[in-house]
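Shown here: protein32.txt, compact mmCIF, C-alpha atoms and all ligand atoms.
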```txt
# COMPACT_ATOMS: atom_id res chain seq x y z
CA MET A 1 82.82 104.22 82.21
CA SER A 2 84.85 103.58 85.35
CA ARG A 3 87.00 100.50 85.67
CA TYR A 4 87.41 98.59 88.90
CA ALA A 5 90.00 96.07 90.08
CA HIS A 6 88.31 93.07 91.66
CA ILE A 7 89.95 90.39 93.80
CA ILE A 8 88.71 87.24 92.08
CA GLY A 9 91.07 84.59 93.46
CA TRP A 10 93.30 84.03 96.46
CA GLY A 11 95.89 81.44 97.38
CA HIS A 12 98.42 80.64 100.05
CA ALA A 13 101.47 78.51 100.78
CA VAL A 14 102.97 77.63 104.14
CA PRO A 15 105.90 75.28 104.74
CA ASP A 16 105.13 71.99 106.50
CA GLN A 17 107.68 72.39 109.26
CA VAL A 18 106.20 73.86 112.46
CA LEU A 19 108.52 75.51 114.99
CA THR A 20 106.80 75.89 118.37
CA ASN A 21 107.72 78.25 121.19
CA ASP A 22 108.96 75.26 123.17
CA ASP A 23 111.24 74.32 120.25
CA LEU A 24 112.64 77.86 120.33
CA ALA A 25 113.21 77.68 124.08
CA GLN A 26 115.70 74.89 123.33
CA ARG A 27 117.75 77.30 121.17
CA VAL A 28 117.62 80.67 123.00
CA ASP A 29 116.84 81.92 126.50
CA THR A 30 113.07 82.28 126.16
CA SER A 31 109.85 80.49 127.08
CA ASP A 32 106.48 79.67 125.61
CA GLU A 33 104.90 81.80 128.34
CA TRP A 34 107.02 84.89 127.49
CA ILE A 35 106.41 84.64 123.74
CA ARG A 36 102.67 83.99 124.08
CA THR A 37 101.98 86.77 126.57
CA ARG A 38 104.23 89.38 124.89
CA THR A 39 103.34 88.62 121.27
CA GLY A 40 100.39 86.19 120.96
CA ILE A 41 102.52 83.83 118.83
CA ARG A 42 102.44 80.08 119.56
CA GLU A 43 104.22 78.66 116.53
CA ARG A 44 105.53 79.56 113.07
CA ARG A 45 106.40 77.74 109.83
CA ILE A 46 109.96 77.28 108.57
CA ALA A 47 110.88 76.69 104.94
CA ALA A 48 112.58 73.37 104.18
CA PRO A 49 115.87 73.14 102.25
CA GLY A 50 114.91 73.56 98.61
CA GLU A 51 111.94 75.76 99.49
CA TYR A 52 112.45 79.43 98.55
CA THR A 53 110.48 82.66 98.44
CA SER A 54 109.87 82.01 94.73
CA THR A 55 108.57 78.47 95.28
CA LEU A 56 106.21 79.54 98.05
CA ALA A 57 105.07 82.46 95.87
CA THR A 58 104.47 80.14 92.92
CA ARG A 59 102.39 77.75 95.01
CA ALA A 60 100.23 80.57 96.37
CA ALA A 61 99.83 82.07 92.88
CA THR A 62 98.87 78.72 91.36
CA GLU A 63 96.10 78.25 93.91
CA ALA A 64 94.84 81.82 93.40
CA LEU A 65 94.79 81.46 89.60
CA ARG A 66 92.96 78.15 89.84
CA MET A 67 90.31 79.66 92.10
CA ALA A 68 89.91 82.62 89.75
CA GLY A 69 89.70 80.36 86.70
CA VAL A 70 92.46 82.46 85.14
CA HIS A 71 95.11 80.83 82.95
CA PRO A 72 98.73 81.98 83.57
CA ARG A 73 98.89 83.27 79.99
CA GLU A 74 96.06 85.69 80.75
CA VAL A 75 98.14 87.41 83.44
CA ASP A 76 99.48 90.83 82.39
CA LEU A 77 101.53 91.65 85.48
CA ILE A 78 103.11 89.82 88.41
CA VAL A 79 104.20 91.82 91.45
CA VAL A 80 106.00 90.04 94.27
CA ALA A 81 106.23 92.04 97.48
CA THR A 82 109.07 90.60 99.52
CA ASN A 83 111.94 91.40 101.89
CA THR A 84 113.55 88.03 101.28
CA PRO A 85 113.91 87.69 97.50
CA ASP A 86 115.70 84.62 96.16
CA TYR A 87 118.42 87.00 94.89
CA ILE A 88 119.08 90.76 95.00
CA PHE A 89 118.52 90.37 91.27
CA PRO A 90 116.96 88.95 89.16
CA ALA A 91 113.54 89.71 90.58
CA THR A 92 111.77 86.85 92.33
CA ALA A 93 108.70 87.85 90.29
CA ALA A 94 110.56 86.82 87.12
CA LEU A 95 111.25 83.36 88.61
CA VAL A 96 107.57 83.07 89.47
CA GLN A 97 106.60 84.18 85.96
CA ASP A 98 108.75 81.41 84.47
CA ALA A 99 107.54 78.75 86.91
CA LEU A 100 103.91 79.60 86.17
CA GLY A 101 104.43 79.80 82.41
CA ALA A 102 102.89 83.28 82.49
CA GLY A 103 104.41 84.09 79.09
CA ARG A 104 102.68 87.44 78.56
CA ALA A 105 103.23 88.87 82.02
CA GLY A 106 105.57 91.66 83.06
CA ALA A 107 107.11 90.99 86.44
CA PHE A 108 108.83 92.96 89.17
CA ASP A 109 109.54 92.85 92.90
CA LEU A 110 108.41 95.50 95.30
CA GLN A 111 110.24 96.32 98.52
CA ALA A 112 108.21 98.24 101.08
CA ALA A 113 109.01 95.95 104.02
CA CYS A 114 105.97 94.52 105.79
CA THR A 115 103.72 97.05 104.02
CA GLY A 116 104.75 95.57 100.68
CA PHE A 117 101.48 93.78 100.00
CA VAL A 118 99.46 96.96 100.55
CA TYR A 119 101.76 98.87 98.19
CA ALA A 120 101.73 96.09 95.56
CA LEU A 121 97.97 95.77 95.66
CA THR A 122 97.61 99.54 95.28
CA ILE A 123 99.93 99.72 92.27
CA ALA A 124 98.43 96.73 90.46
CA ALA A 125 94.86 97.89 91.13
CA ASP A 126 95.65 101.42 89.93
CA MET A 127 97.21 100.03 86.72
CA ILE A 128 94.04 98.02 86.11
CA LYS A 129 91.81 101.01 86.85
CA ALA A 130 93.88 103.19 84.48
CA GLY A 131 93.30 100.66 81.70
CA GLY A 132 96.94 99.67 81.26
CA ILE A 133 96.37 96.03 82.17
CA ASP A 134 93.43 93.68 82.76
CA THR A 135 94.73 90.94 85.04
CA ALA A 136 97.39 90.99 87.74
CA LEU A 137 98.88 88.61 90.26
CA VAL A 138 99.84 90.27 93.52
CA ILE A 139 101.92 88.11 95.82
CA GLY A 140 103.42 88.56 99.28
CA ALA A 141 106.05 85.90 99.95
CA GLU A 142 108.81 85.46 102.51
CA THR A 143 111.43 83.08 103.82
CA LEU A 144 112.31 85.24 106.82
CA SER A 145 113.81 82.23 108.61
CA ARG A 146 116.86 82.74 106.34
CA ILE A 147 117.57 86.29 107.59
CA VAL A 148 116.61 85.90 111.24
CA ASP A 149 119.42 85.64 113.77
CA TRP A 150 118.65 82.38 115.55
CA GLU A 151 120.87 83.52 118.43
CA ASP A 152 118.89 86.75 119.02
CA ARG A 153 115.83 86.12 121.22
CA ASN A 154 114.57 89.66 120.56
CA THR A 155 113.80 88.83 116.94
CA CYS A 156 113.93 85.09 116.24
CA VAL A 157 110.73 84.37 118.15
CA LEU A 158 108.67 86.74 116.01
CA PHE A 159 108.99 85.68 112.38
CA GLY A 160 107.90 82.86 110.05
CA ASP A 161 107.77 81.82 106.40
CA ALA A 162 104.69 81.91 104.11
CA ALA A 163 103.16 83.31 100.94
CA GLY A 164 99.77 84.70 99.95
CA ALA A 165 98.49 85.74 96.53
CA PHE A 166 95.55 87.61 95.02
CA VAL A 167 94.37 87.63 91.41
CA LEU A 168 93.06 91.05 90.41
CA GLN A 169 90.94 91.55 87.33
CA ALA A 170 89.28 94.52 85.63
CA ALA A 171 85.49 94.83 85.71
CA ASP A 172 82.91 97.55 85.10
CA GLU A 173 80.84 96.87 88.20
CA PRO A 174 81.93 98.78 91.32
CA GLY A 175 83.92 96.99 94.02
CA GLY A 176 87.32 95.42 94.61
CA VAL A 177 90.35 97.48 95.60
CA LEU A 178 88.84 100.94 96.12
CA THR A 179 91.46 103.26 97.58
CA SER A 180 94.70 103.38 99.57
CA VAL A 181 96.88 105.62 101.68
CA LEU A 182 100.67 105.10 101.53
CA HIS A 183 103.19 106.67 103.91
CA ALA A 184 106.89 106.61 104.75
CA ASP A 185 109.34 108.15 107.22
CA GLY A 186 112.91 107.17 106.38
CA SER A 187 114.26 108.90 109.48
CA GLY A 188 113.36 105.65 111.25
CA ALA A 189 115.38 103.48 108.85
CA GLU A 190 117.73 102.17 111.55
CA LEU A 191 114.94 100.89 113.79
CA LEU A 192 114.53 97.76 111.70
CA MET A 193 117.01 96.72 109.04
CA LEU A 194 119.24 94.12 107.49
CA PRO A 195 122.60 95.93 107.57
CA THR A 196 124.55 93.97 104.98
CA CYS A 197 123.92 92.15 101.69
CA GLY A 198 123.11 95.50 100.07
CA THR A 199 125.68 97.85 98.54
CA ARG A 200 126.31 100.14 101.52
CA ASN A 201 127.83 97.32 103.60
CA PRO A 202 128.69 94.61 101.09
CA VAL A 203 129.12 91.11 102.42
CA SER A 204 132.57 90.74 103.97
CA HIS A 205 134.18 88.56 106.59
CA LYS A 206 134.01 91.49 109.02
CA ALA A 207 130.28 91.97 108.36
CA LEU A 208 129.64 88.27 108.81
CA ASP A 209 131.65 88.19 112.05
CA GLN A 210 129.37 90.98 113.34
CA ARG A 211 126.29 88.99 112.24
CA MET A 212 125.24 91.92 110.03
CA GLN A 213 123.64 89.53 107.54
CA TYR A 214 120.77 89.17 110.00
CA MET A 215 117.85 91.43 110.83
CA LYS A 216 118.37 94.04 113.57
CA MET A 217 115.45 95.63 115.39
CA ASN A 218 114.64 98.13 118.10
CA GLY A 219 111.47 96.35 119.24
CA ARG A 220 110.18 98.98 121.64
CA GLU A 221 110.40 101.86 119.14
CA VAL A 222 108.83 99.78 116.36
CA PHE A 223 106.04 98.82 118.76
CA ARG A 224 105.34 102.48 119.56
CA PHE A 225 105.31 103.47 115.87
CA ALA A 226 103.09 100.51 114.92
CA THR A 227 100.36 101.19 117.47
CA ARG A 228 100.18 104.81 116.32
CA VAL A 229 99.95 104.21 112.56
CA MET A 230 97.58 101.22 112.59
CA ASN A 231 94.97 103.57 114.02
CA SER A 232 95.77 106.64 111.91
CA ALA A 233 96.11 104.82 108.56
CA THR A 234 92.85 102.90 109.08
CA ARG A 235 90.93 106.07 109.88
CA GLU A 236 92.56 107.92 106.96
CA VAL A 237 91.73 105.30 104.30
CA VAL A 238 88.13 104.97 105.50
CA GLU A 239 87.68 108.73 105.30
CA LYS A 240 89.34 108.86 101.87
CA ALA A 241 86.83 106.28 100.60
CA GLY A 242 83.95 108.46 101.84
CA LEU A 243 82.92 105.84 104.40
CA THR A 244 82.81 105.68 108.20
CA LEU A 245 84.34 103.09 110.51
CA ASP A 246 80.82 101.68 111.03
CA ASP A 247 80.76 100.66 107.33
CA ILE A 248 83.83 98.41 107.78
CA ALA A 249 83.00 94.73 108.35
CA TRP A 250 86.55 93.51 109.02
CA ILE A 251 90.12 94.68 109.31
CA ALA A 252 93.07 92.61 108.08
CA PRO A 253 96.03 93.97 110.07
CA HIS A 254 99.68 93.15 109.53
CA GLN A 255 100.26 90.30 112.00
CA ALA A 256 103.30 91.33 114.04
CA ASN A 257 102.19 91.29 117.65
CA ARG A 258 98.74 90.70 119.15
CA ARG A 259 99.31 93.58 121.58
CA ILE A 260 99.80 95.99 118.65
CA ILE A 261 96.48 94.85 117.19
CA GLU A 262 94.77 95.13 120.58
CA ALA A 263 96.01 98.70 120.89
CA ALA A 264 94.67 99.48 117.40
CA ALA A 265 91.31 97.89 118.27
CA LYS A 266 91.08 100.06 121.36
CA ALA A 267 91.99 103.24 119.48
CA LEU A 268 89.51 102.43 116.72
CA LYS A 269 86.85 101.40 119.28
CA ARG A 270 86.35 98.06 117.53
CA PRO A 271 86.14 94.59 119.13
CA MET A 272 89.02 92.20 118.48
CA ASP A 273 86.54 89.94 116.64
CA ASP A 274 86.56 92.47 113.78
CA PHE A 275 90.27 91.75 113.15
CA LEU A 276 91.33 88.80 110.99
CA LEU A 277 94.00 87.07 113.04
CA ASN A 278 96.26 84.08 112.55
CA LEU A 279 99.57 85.23 113.99
CA ASP A 280 99.28 82.65 116.78
CA ARG A 281 99.97 79.95 114.15
CA TYR A 282 102.32 81.74 111.74
CA GLY A 283 104.03 84.60 113.59
CA ASN A 284 105.00 87.66 111.56
CA THR A 285 105.26 86.60 107.91
CA SER A 286 105.78 90.19 106.72
CA THR A 287 104.33 90.74 103.24
CA ALA A 288 102.51 87.40 103.39
CA SER A 289 100.69 88.11 106.65
CA ILE A 290 97.73 90.09 105.28
CA PRO A 291 96.92 87.89 102.24
CA LEU A 292 97.34 84.79 104.41
CA ALA A 293 94.91 86.12 107.04
CA ILE A 294 92.42 87.09 104.34
CA TYR A 295 92.85 83.73 102.62
CA GLU A 296 91.97 81.84 105.79
CA ALA A 297 89.04 84.13 106.61
CA ALA A 298 87.62 83.88 103.08
CA GLN A 299 87.96 80.09 103.05
CA ALA A 300 86.18 79.92 106.41
CA GLY A 301 83.32 82.11 105.11
CA ARG A 302 84.25 84.79 107.63
CA ILE A 303 84.29 87.50 104.93
CA GLN A 304 81.46 87.90 102.46
CA PRO A 305 80.94 89.52 99.03
CA GLY A 306 79.87 93.15 99.31
CA GLN A 307 81.56 93.76 102.66
CA TYR A 308 84.03 96.59 103.11
CA GLY A 309 87.37 95.63 104.66
CA VAL A 310 90.59 97.46 105.50
CA LEU A 311 94.09 96.05 105.00
CA VAL A 312 96.54 97.94 107.21
CA ALA A 313 100.27 97.42 107.57
CA PHE A 314 103.49 98.91 108.95
CA GLY A 315 107.13 97.95 108.89
CA ALA A 316 110.74 98.81 108.24
CA GLY A 317 111.45 102.01 106.37
CA LEU A 318 109.57 103.18 108.28
CA ILE A 319 106.75 102.54 105.82
CA TRP A 320 103.05 102.10 106.48
CA GLY A 321 99.74 102.22 104.63
CA ALA A 322 96.21 100.94 104.30
CA THR A 323 93.91 99.80 101.51
CA LEU A 324 90.14 99.71 101.51
CA VAL A 325 88.46 96.92 99.57
CA GLN A 326 84.94 95.84 98.82
CA TRP A 327 85.15 92.07 98.80
CA THR A 328 84.04 90.43 95.56
CA GLY A 329 84.49 86.69 95.90
CA PRO A 330 85.54 84.33 93.15
CA ARG A 331 83.87 84.65 89.76
CA PRO A 332 82.05 81.54 88.52
CA VAL A 333 84.33 81.19 85.51
CA ALA A 334 84.06 77.86 83.68
CA LYS A 335 87.53 76.68 82.72
CA PRO A 336 87.65 76.08 78.95
CA PRO A 337 89.20 72.70 77.99
CA ARG A 338 91.91 74.35 75.88
CA VAL A 339 93.42 75.75 79.05
CA ARG A 340 95.23 72.47 79.75
CA TRP A 341 96.83 72.51 76.29
CA HIS A 342 97.89 76.10 76.77
CA ARG A 343 99.50 75.20 80.09
CA ARG A 344 101.41 72.28 78.54
CA LEU A 345 102.57 74.50 75.67
CA ALA A 346 103.69 77.20 78.08
CA GLN A 347 105.64 74.60 80.07
CA VAL A 348 107.30 73.18 76.94
CA GLY A 349 108.17 76.74 75.85
CA SER A 350 109.76 77.36 79.24
CA TRP A 351 111.83 74.12 79.06
CA LEU A 352 112.97 74.95 75.52
CA ARG A 353 114.05 78.44 76.56
CA ARG A 354 116.02 76.96 79.47
CA ALA A 355 117.65 74.35 77.23
CA ARG A 356 118.61 77.07 74.72
CA ARG A 357 120.15 79.24 77.45
CA HIS A 358 122.06 76.21 78.75
CA LEU A 359 123.40 75.34 75.28
CA GLU A 360 124.29 78.95 74.52
CA GLY A 361 126.16 79.10 77.84
CA ARG A 362 128.16 75.97 76.93
CA LEU A 363 129.00 77.38 73.49
CA VAL A 364 130.20 80.66 75.01
CA ARG A 365 132.34 78.77 77.52
CA GLY A 366 133.59 76.56 74.71
CA GLY A 367 132.20 73.46 76.43
N1 LIG A 401 112.21 85.78 125.62
C1 LIG A 401 112.43 86.22 126.86
N2 LIG A 401 112.78 87.48 127.13
C2 LIG A 401 112.90 88.31 126.08
C3 LIG A 401 112.70 87.91 124.76
C4 LIG A 401 112.33 86.58 124.54
N3 LIG A 401 112.12 86.09 123.32
N4 LIG A 401 112.90 88.95 123.94
C5 LIG A 401 113.23 89.99 124.72
N5 LIG A 401 113.23 89.61 126.01
C6 LIG A 401 113.54 90.39 127.19
C7 LIG A 401 114.36 91.61 126.87
O1 LIG A 401 115.72 91.27 126.77
C8 LIG A 401 114.07 92.49 128.05
O2 LIG A 401 114.88 92.10 129.10
P1 LIG A 401 115.61 93.20 130.01
O3 LIG A 401 114.50 94.00 130.63
O4 LIG A 401 116.37 92.36 130.97
O5 LIG A 401 116.45 94.00 129.08
C9 LIG A 401 112.63 92.13 128.43
O6 LIG A 401 112.35 90.90 127.75
C10 LIG A 401 111.60 93.17 127.99
O7 LIG A 401 111.92 93.58 126.70
P2 LIG A 401 110.99 94.58 125.92
O8 LIG A 401 111.66 94.97 124.64
O9 LIG A 401 110.51 95.69 126.82
O10 LIG A 401 109.74 93.64 125.64
P3 LIG A 401 108.41 94.05 124.97
O11 LIG A 401 107.29 93.80 125.88
O12 LIG A 401 108.52 95.39 124.32
O13 LIG A 401 108.33 92.98 123.79
C11 LIG A 401 108.74 92.79 121.44
C12 LIG A 401 109.36 92.90 122.84
C13 LIG A 401 109.85 92.68 120.44
C14 LIG A 401 107.86 91.55 121.41
C15 LIG A 401 107.88 94.05 121.20
O14 LIG A 401 108.63 95.20 121.49
C16 LIG A 401 107.39 94.13 119.78
O15 LIG A 401 106.59 93.35 119.34
N6 LIG A 401 107.84 95.17 119.03
C17 LIG A 401 107.43 95.34 117.65
C18 LIG A 401 108.23 94.41 116.80
C19 LIG A 401 107.65 94.28 115.42
O16 LIG A 401 106.46 94.32 115.23
N7 LIG A 401 108.54 94.10 114.47
C20 LIG A 401 108.17 93.85 113.12
C21 LIG A 401 107.65 95.05 112.48
S1 LIG A 401 107.03 94.65 110.91
```

Structure rendered as structure tokens:
Amino acid sequence: MSRYAHIIGWGHAVPDQVLTNDDLAQRVDTSDEWIRTRTGIRERRIAAPGEYTSTLATRAATEALRMAGVHPREVDLIVVATNTPDYIFPATAALVQDALGAGRAGAFDLQAACTGFVYALTIAADMIKAGGIDTALVIGAETLSRIVDWEDRNTCVLFGDAAGAFVLQAADEPGGVLTSVLHADGSGAELLMLPTCGTRNPVSHKALDQRMQYMKMNGREVFRFATRVMNSATREVVEKAGLTLDDIAWIAPHQANRRIIEAAAKALKRPMDDFLLNLDRYGNTSTASIPLAIYEAAQAGRIQPGQYGVLVAFGAGLIWGATLVQWTGPRPVAKPPRVRWHRRLAQVGSWLRRARRHLEGRLVRGG
């Protein structure tokens, strides 16, 4: 019997602080009019001090698990797609695993730039379908405000902070994450990158003087690439699923620029109403943009169980891809009362492990 990977819960997290286009015009030579007409963005959210990719991811995951009626200890795998991990290592997914008390879960980060959520969803769903795991948390989370150059008007107006999460679970009935297409062309690596903080250009005074710790982008070339692949990847995934574009009820595009999405709509001969959009309020939140757009649409009743939808993304790498889903909707799972005890126990276990590590550290240091 075939196994399917259903999306049974979804969650989100956005920082409270709103940064409007007018606010930005106080910092760099830009205007609300320029940003709105060239990108469609009106405002974005900015993480507060003490708010990190892992904390946003944990909040989104907690909401998704609650909706799904899934206890953290039932989770087999946590994948965090991100370009802005808390650290190069350890993985942000491990920090999320600890914060959730997901004691049985494996955890890893996935780096496929803004296409990360599509890649992570594909991998987790395929592991479920293969029978290796039953339940997965797939999270896209970013604090891009920490790697944006606030002196560069070409990039700082585009990005924002957010997280979105899906709970995937195995089921026999057809539906959920059906199929994907994944692509890459590393010859375009220099079009969008963060030059330092990795091992090729380690952090140094010289690198910092050249502001290499911030994102660099060739906007025009990325724009050209994006408009091409949004169309081709959507068509390819629909064909791979044995469907036609007429079967697709909605498209959740990576939210980078409204004009990119308008070009895709034109090429696909679909009205803009078919696209789930929220980039006017959040800007480009990279791996979080697709789950956040789907979250809002699902909460508003805009997407319904049984409908086919396409998630399509592009980004640095260059990497792009698309996933076709048949929307399931949350399962009516009654939460057993023991769940609260399990959560408490998991929390206590996590505190004890931390205390032990702290004490061991003091012993080693002779403190
Ligand atoms: N405010 C005012 N002027 C700005 C500006 C800003 N925030 N940013 C750039 N400009 C200026 C440029 O300096 C340029 O001036 P110049 O002609 O004197 O050199 C002019 O506006 C036009 O620049 P151009 O690059 O042609 O604008 P554009 O219409 O292509 O829009 C982007 C620029 C970045 C919005 C657009 O190219 C884009 O969205 N690219 C894709 C980026 C993306 O999606 N990145 C993430 C991928 S995941």

| Selected residue, from A:Arg200, A:Lys269, A:His71, A:Arg44, that lies nearest to A:Leu144 when counting only C-alpha atoms |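 That would be A:Arg44, the residue with the smallest distance to A:Leu144.
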
| request: Please extract the residues at most 7 Å from ligand LIG 401 (chain A), counting only C-alpha atoms and all ligand atoms, and provide them as a ChimeraX atom specification, using the chain letters and residue numbers of this document. | output: /A:29-31,34-35,38-39,114,153-155,157,219-220,222-223,256-257,286,314-316

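Interatomic distance, atom CA of A:Ile294 against atom CA of A:Leu192: 25.6 Å.
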
| query | Which residue gives the smallest distance to A:Met215 among A:Thr179, A:Ser145, A:Thr82, A:Ser232, with all atoms listed in the file counted? | reply |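 So, comparing all the options, the nearest one is A:Ser145.
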
| query | Any idea what's packed within 9 Å of A:Val75, counting all atoms listed in the file, ignoring anything in its chain fewer than 4 positions away? Could you give it as a VMD selection string? | reply | chain A and resid 70 to 71 102 to 106 133 to 137 167

| message | Counting only C-alpha atoms, which residues sit no farther than 9 Å from the position (88.9, 107.8, 81.9) in the file's frame? I'd like them as a PyMOL selection string. | response | chain A and resi 1-3+129-131

Ref. answer, residues at most 12 Å from (88.4, 91.0, 103.3) with all atoms listed in the file, as a JSON list (two decimals) with C-alpha atoms, keeping the file's coordinate frame:
```
[["chain", "number", "residue", "atom", "x", "y", "z"],
["A", 6, "HIS", "CA", 88.31, 93.07, 91.66],
["A", 7, "ILE", "CA", 89.95, 90.39, 93.80],
["A", 8, "ILE", "CA", 88.71, 87.24, 92.08],
["A", 10, "TRP", "CA", 93.30, 84.03, 96.46],
["A", 166, "PHE", "CA", 95.55, 87.61, 95.02],
["A", 175, "GLY", "CA", 83.92, 96.99, 94.02],
["A", 176, "GLY", "CA", 87.32, 95.42, 94.61],
["A", 177, "VAL", "CA", 90.35, 97.48, 95.60],
["A", 248, "ILE", "CA", 83.83, 98.41, 107.78],
["A", 249, "ALA", "CA", 83.00, 94.73, 108.35],
["A", 250, "TRP", "CA", 86.55, 93.51, 109.02],
["A", 251, "ILE", "CA", 90.12, 94.68, 109.31],
["A", 252, "ALA", "CA", 93.07, 92.61, 108.08],
["A", 253, "PRO", "CA", 96.03, 93.97, 110.07],
["A", 274, "ASP", "CA", 86.56, 92.47, 113.78],
["A", 275, "PHE", "CA", 90.27, 91.75, 113.15],
["A", 276, "LEU", "CA", 91.33, 88.80, 110.99],
["A", 277, "LEU", "CA", 94.00, 87.07, 113.04],
["A", 290, "ILE", "CA", 97.73, 90.09, 105.28],
["A", 291, "PRO", "CA", 96.92, 87.89, 102.24],
["A", 292, "LEU", "CA", 97.34, 84.79, 104.41],
["A", 293, "ALA", "CA", 94.91, 86.12, 107.04],
["A", 294, "ILE", "CA", 92.42, 87.09, 104.34],
["A", 295, "TYR", "CA", 92.85, 83.73, 102.62],
["A", 296, "GLU", "CA", 91.97, 81.84, 105.79],
["A", 297, "ALA", "CA", 89.04, 84.13, 106.61],
["A", 298, "ALA", "CA", 87.62, 83.88, 103.08],
["A", 299, "GLN", "CA", 87.96, 80.09, 103.05],
["A", 300, "ALA", "CA", 86.18, 79.92, 106.41],
["A", 301, "GLY", "CA", 83.32, 82.11, 105.11],
["A", 302, "ARG", "CA", 84.25, 84.79, 107.63],
["A", 303, "ILE", "CA", 84.29, 87.50, 104.93],
["A", 304, "GLN", "CA", 81.46, 87.90, 102.46],
["A", 305, "PRO", "CA", 80.94, 89.52, 99.03],
["A", 306, "GLY", "CA", 79.87, 93.15, 99.31],
["A", 307, "GLN", "CA", 81.56, 93.76, 102.66],
["A", 308, "TYR", "CA", 84.03, 96.59, 103.11],
["A", 309, "GLY", "CA", 87.37, 95.63, 104.66],
["A", 310, "VAL", "CA", 90.59, 97.46, 105.50],
["A", 311, "LEU", "CA", 94.09, 96.05, 105.00],
["A", 312, "VAL", "CA", 96.54, 97.94, 107.21],
["A", 323, "THR", "CA", 93.91, 99.80, 101.51],
["A", 324, "LEU", "CA", 90.14, 99.71, 101.51],
["A", 325, "VAL", "CA", 88.46, 96.92, 99.57],
["A", 326, "GLN", "CA", 84.94, 95.84, 98.82],
["A", 327, "TRP", "CA", 85.15, 92.07, 98.80],
["A", 328, "THR", "CA", 84.04, 90.43, 95.56],
["A", 329, "GLY", "CA", 84.49, 86.69, 95.90]]
```

| Spatial neighbours of A:Ser180, max dist 12 Å, all atoms listed in the file, sep filter under 3 positions, as a count of residues only | 34

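For the pair atom CA of A:Val14 and atom CA of A:Ser289, the interatomic distance is 11.0 Å.
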
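Using only C-alpha atoms, the smallest distance between any of A:Ile147, A:Ile41, A:Ala162, A:Leu178 and A:Lys216 comes from A:Ile147.
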
| Pick the closest to A:Glu51 from A:Arg36, A:Arg146, A:Arg27, A:Arg224: which is it, counting all atoms listed in the file? |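 Using all atoms listed in the file, the shortest distance to A:Glu51 belongs to A:Arg146.
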
| query | Distance atom CA of A:Val96-atom CA of A:Ala57, one decimal place? | reply |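 The value is 6.9 Å.
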